[in-house]
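Peer 1: Structure below; questions to follow.
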Amino acid sequence: MTYLTKLSAAALSELLVSKQVSAVEATRAHLDHITAVDTDLHAFLHVAGDAALDAAAKIDARRAAGEVLNSLAGVPIAIKDVLATQDMPTTAGSKILEGWVPPYDATVVAHLRAAGLILLGKTNMDEFAMGSSTEHSAYGVTRNPWDRDRIPGGSGGGSAAAVASFQAPLALGSDTGGSIRQPAAVTGSVGVKPTYGGVSRYGAIALASSLDQVGPVSRTVYDAALLHDVIGGHDPLDSTSLTDSWPSMAAAAQAGLTDGALKGVRVGVIKELAGDGFQAGVTQRFTETLALLVAAGAEITEVSAPNFEYAVAAYYLILPAEASSNLARFDSVRFGIRVNPASGSLTSEHVMSATREAGFGDEVKRRIILGTYALSAGYYDAYYGSAQKVRTLIQRDFAAAFSQVDVLVSPSAPTTAFKFGEKLADPMAMYINDVTTIPANLAGVPGMSIPIGLAPEDGLPVGLQIMAPAKADARLYTVGAAIEQLLEARWGHTMLSQAPALTPTEMFASKEGAV
Amino acid sequence: MPNAEMKNRAELMDFDTALELFEPVLGFEVHVELNTKTKMFCGCANEFGSGANTNTCPTCLGLPGGLPQVNKKAIESSIRLGLALGCEIAEHSRFARKNYFYPDTAKNFQTSQYDDPICHDGSITIELESGRLVTVEIERAHMEDDAGKLTHMGGATGRIQGADYSLVDYNRGGVPLVEIVTQMIEGAEHDAPEIGKTYVAAIREIAKALGVSNARMEEGNVRCDANVSLRPRGSNVLGTRTETKNVNSLRSVERAVRYEIQRQATVLAGGGTITQETRHWHEDTGITSAGRPKSDADDYRYFPEPDLLPMAPSREWVEELRLTLPEPPAARRKRLQAAWGFANLEFQDVVNSDLLDAVEATVAAGASAQAARKWWTGEIARLANAAGVAADSLVTPAQLAALIELVEAGTLTDRLARQVLEGVIAGEGTPAEVVDSRGLAVVSDDGALIGAIDAALLGQPDVLAKIRDGKVQAAGAVIGAVMKAMRGQADAARVRELVLERAQAIE
């Protein structure tokens, strides 16, 4: 049943709905594949095999009884470990939460269960989503399925690697500065950061509240759209959740597959997100994709976003500031590990301090210190205040750009996947890797990464980032699906079908089913 | 140089001397706990006395992933409170995080307001016992969530010092508070302690009249932090202030302000300096002691709460709420005292016993004001005291008004009425029903009385002779015997009239 893991969620869904395949079979196929490949890749921190099979059996029973279920019912999914799940440990990649099982489900997780998706387990991530490589997980690295010596991106490296290595057709991620889009780009998968407020954050362990957004990870644009339709919409438990009614993202993606979908679409290329610092192969694939768009009838315009230059600097003030406050609750009093100091009295201050010292990794401590400093009396205006002003300027840049074009595009990341350890010693080098993705978070606009080929120099995936105005997420799906179709037609295969085989059986299996 | 910490009150400079040397400057922060059904930022019950940590959820427990949702009723109550304090209601207001680590604060930040409080720039005028009117300017009234409750275990004193461990109950965590902050109060002079007491009483009374808080100080619904500083006479430089936290009764506010003035004067006069700090009030010993040093460098790293949207209460809504405001308590008191014609002491007695509403309702139900006052502050208060309950929980104003009507119609004597009251409290029915079932009505049938009077007169011929001789005071003995024979169910005045009449008439 290995071929089941090669199917897109949509294709698997068809087999499930027509009862050619049972949810138990689909789930078991994925669990078997996890067993086969994940010891090495380490995309999962926790696999809930028995619970997944139980849930799948229930879906099969309901379907057998004639119940009409969501089309994704019975489709397996992996959950980034930043999301609260009441039947699985939820650690956010941190030692400080080791073994913690929340007493509640995040709203998006509740939506998944209600729709009948099968939760396979929790995926690895940089601790508290701080990082671009998943090297900052307290539980070890996740390997990139394209090259096991390289990072799978971050912070959602686990979700991206799980999807790219066919351990799950779908995954949930969270994106604060690129944590869905950059891992998607470097693993050849699809990742979407919805409009801020489009998807509930209730139950998503907060990194930076004003930037965080939960979104879909998948192998196709249409699959991402199907998942977006399940998790999106207003949640009264999240005060920043938008009350708008949303169009079907799946329908929007379908619209992109029709002839002439790109005709007359105004595409803006952001001048500031190109040139120096961008790997040659990345630029090459990006330029080729633009040519393909022109050929399909899109109008390409160069637009300037002069304040994007300050985006990374502003981001690394706003994020640590909010994070320093959001992470204050990890104090050993109500949940998580408790560490007593080696010496001295066991006052609450000493225990909190010892717990945080032992429980947080270096990158988390670095950002807490940065954020605490940025919010300090006397520095607030210069740092946090100024950063908020930059944020306003970036929003204006977007507004100006979207007055001229329908979507904006850039490479999703300046480089392909880098090697483990390459940027660990130099935080600034790591931070700058998110230069392309951060502006969308600062402005709250939606962004998507889709694979556009392999960089000639290293044979690794390159991603295209598409951004749309706030609340115009549907536009991403239409344009993204159209580009995906053009590229696959040109290649004659999907991107991920080219990924190296991870197991001996896969070497044959991969020829069996087209994604 | 005297120690900054007095071990007892004997070392203190007396109050009048302190006031000769220094001018006190005051400021108050009063926290009013709102009586909304649910908490400020989640759907948990806002309820006093539930089992520990039963009214909790991921949000108010500060669990990872929890997010706040604003309670609209709490905003409404805050706006009404602000309006009653004469405040402006901000067109744009937002929450801010006040960051500090403490185990009773689940998120390790308090969701409060900083730059943009919901209410600002108000004032209330309070009247002191001397008749002096003092206007207290309100700087701001902002919303915030309360902390949980710590219980320190294992120590002898119940304080954190010496405790083996502490328990936390987060039921109170997330309960909505409005913090009302005054401007500096200058010119208080000798009235400083009374101003503190009267101001807090006024806030409490306003919150209660609005119905936005249960306003019970003993349950911590209203808590006062008192700021006191002294400056030497002739100086225009403000002295260093102390903030005495959680002074939780009106009398304690008065005592704590007085104590701090005396303590600071003692320190300053001895050449010492005042440390800017929070201080704790000790009800038992009547002193304050040093708490945490508090400097202006205290850094709570306030920043706008990113999990909540800014608020923009519409002007229409604010005006609608303004229309719901009750008559200001001070004005109401003036009006009622005049209408009822009570002497100051009588009226104070009613106010201090928290029986203004009860008396007003009883008068509205048809009773005379004096009778209503007499019953509420007299017999009913006595019974309530003995039972340890609130007077207005024993009988309704309507029941009391009916009882008073029976007395005034002559159906009951005061003594009988007290028995009827007991019956009503015991749940035996309305006063009229109790009169019937207990057979307590005054015997108004002269025939029955005359029989008893004649018997009594004839039984005491010496007394009869004295009365006939015009010594009417001798009638008392006969009246007593008659009342006894009637088991109290007779109108003593009517008995007296008949005794005098019969003494002349009988053979």
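Ordering of the structure tokens sets the chain letters (A, B, ...); residue numbers start at 1 within each chain; ligands are numbered from 1 in the order shown.
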May I have all residues of range 192-373 of chain A that DSSP, computed from the backbone, assigns to strand (DSSP E or B), given as a ChimeraX atom specification?

Peer 2: /A:192-193,199,204,213-218,232,266-270,299-303

Peer 1: Show me, as a PyMOL selection string, every residue of chain A with an atom at most 7 Å from chain B, counting only C-alpha atoms.

Peer 2: chain A and resi 84+202-206+209-210+237-240+325+328-329+333+375-377

Peer 1: Taking N, CA and C atoms for each residue, export the selection above as a compact mmCIF listing (two decimals), in the first residue's frame.

Peer 2:
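Saved result, out-v3.txt, follows:
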```
# COMPACT_ATOMS: atom_id res chain seq x y z
N ALA A 84 -1.70 23.00 20.32
CA ALA A 84 -2.17 22.20 21.46
C ALA A 84 -3.06 21.05 20.98
N TYR A 202 -5.97 30.39 18.52
CA TYR A 202 -6.26 29.84 19.84
C TYR A 202 -5.68 28.42 19.94
N GLY A 203 -4.80 28.23 20.89
CA GLY A 203 -4.16 26.93 21.04
C GLY A 203 -2.85 26.80 20.29
N ALA A 204 -2.47 27.85 19.57
CA ALA A 204 -1.14 27.87 18.95
C ALA A 204 -0.21 28.55 19.96
N ILE A 205 0.81 27.87 20.39
CA ILE A 205 1.69 28.44 21.41
C ILE A 205 2.35 29.67 20.80
N ALA A 206 2.12 30.82 21.45
CA ALA A 206 2.47 32.09 20.83
C ALA A 206 3.98 32.31 20.81
N SER A 209 2.65 37.37 18.95
CA SER A 209 1.20 37.35 18.73
C SER A 209 0.75 38.14 17.51
N SER A 210 1.42 39.25 17.23
CA SER A 210 0.96 40.10 16.13
C SER A 210 1.47 39.61 14.78
N LEU A 237 -12.75 32.71 20.06
CA LEU A 237 -11.73 32.60 21.12
C LEU A 237 -10.45 33.35 20.76
N ASP A 238 -10.34 33.79 19.53
CA ASP A 238 -9.17 34.57 19.11
C ASP A 238 -9.67 35.96 18.73
N SER A 239 -9.37 36.94 19.57
CA SER A 239 -9.91 38.29 19.37
C SER A 239 -9.38 38.95 18.10
N THR A 240 -8.26 38.45 17.58
CA THR A 240 -7.71 39.05 16.36
C THR A 240 -8.20 38.30 15.12
N SER A 325 7.50 38.44 26.44
CA SER A 325 6.31 38.47 27.28
C SER A 325 5.51 37.17 27.15
N ALA A 328 6.91 34.34 29.17
CA ALA A 328 7.04 34.51 30.62
C ALA A 328 6.28 33.44 31.38
N ARG A 329 5.19 32.92 30.77
CA ARG A 329 4.35 31.97 31.48
C ARG A 329 5.03 30.61 31.71
N VAL A 333 5.22 26.68 37.33
CA VAL A 333 4.20 26.70 38.38
C VAL A 333 2.98 25.83 38.02
N LEU A 375 12.01 46.36 25.26
CA LEU A 375 10.82 46.92 25.91
C LEU A 375 11.16 47.74 27.15
N SER A 376 12.42 47.79 27.52
CA SER A 376 12.80 48.44 28.77
C SER A 376 12.51 49.94 28.71
N ALA A 377 12.17 50.46 29.88
CA ALA A 377 11.91 51.90 29.98
C ALA A 377 13.13 52.64 29.46
```

Peer 1: With a distance cut-off of 8 Å and only C-alpha atoms, select the neighbouring residues of Gln388 in chain A, excluding the residue or stretch itself and same-chain residues fewer than 3 positions from it, and output the selection as a PyMOL selection string.

Peer 2: chain A and resi 314+318+384-385+391-392

Peer 1: Restricting the calculation to only C-alpha atoms: of B:Gln276, B:Asn227, B:Gln489, B:Asn236, which residue gets closest to Leu416 in chain B?

Peer 2: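 Closest to Leu416 in chain B, using only C-alpha atoms: B:Gln489.
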
Peer 1: Which residues are near Gly116 in chain A? Cut-off 7 Å, only C-alpha atoms, ignore same chain within fewer than 4 positions. Put them as number ranges by chain.

Peer 2: A: 59, 70, 72-74, 112

Peer 1: Could you write out the selected residues, including N, CA and C atoms, as a PDB file, in the first residue's frame?

Peer 2:
```pdb
ATOM      1  N   ILE A  59     -13.958   6.742  11.194  1.00  0.00           N
ATOM      2  CA  ILE A  59     -14.344   7.393   9.931  1.00  0.00           C
ATOM      3  C   ILE A  59     -14.892   6.339   8.960  1.00  0.00           C
ATOM      4  N   ASN A  70     -16.863  15.324   5.419  1.00  0.00           N
ATOM      5  CA  ASN A  70     -15.976  16.249   4.720  1.00  0.00           C
ATOM      6  C   ASN A  70     -15.106  15.440   3.754  1.00  0.00           C
ATOM      7  N   LEU A  72     -12.145  15.554   3.132  1.00  0.00           N
ATOM      8  CA  LEU A  72     -10.833  15.185   3.680  1.00  0.00           C
ATOM      9  C   LEU A  72     -10.946  14.166   4.816  1.00  0.00           C
ATOM     10  N   ALA A  73     -12.142  13.734   5.136  1.00  0.00           N
ATOM     11  CA  ALA A  73     -12.298  12.760   6.226  1.00  0.00           C
ATOM     12  C   ALA A  73     -11.530  11.490   5.889  1.00  0.00           C
ATOM     13  N   GLY A  74     -10.682  11.075   6.815  1.00  0.00           N
ATOM     14  CA  GLY A  74      -9.883   9.880   6.595  1.00  0.00           C
ATOM     15  C   GLY A  74      -8.505  10.161   6.030  1.00  0.00           C
ATOM     16  N   LEU A 112      -9.876  20.099  12.495  1.00  0.00           N
ATOM     17  CA  LEU A 112      -9.402  18.900  11.800  1.00  0.00           C
ATOM     18  C   LEU A 112     -10.168  17.677  12.271  1.00  0.00           C
TER      19      LEU A 112
END
```
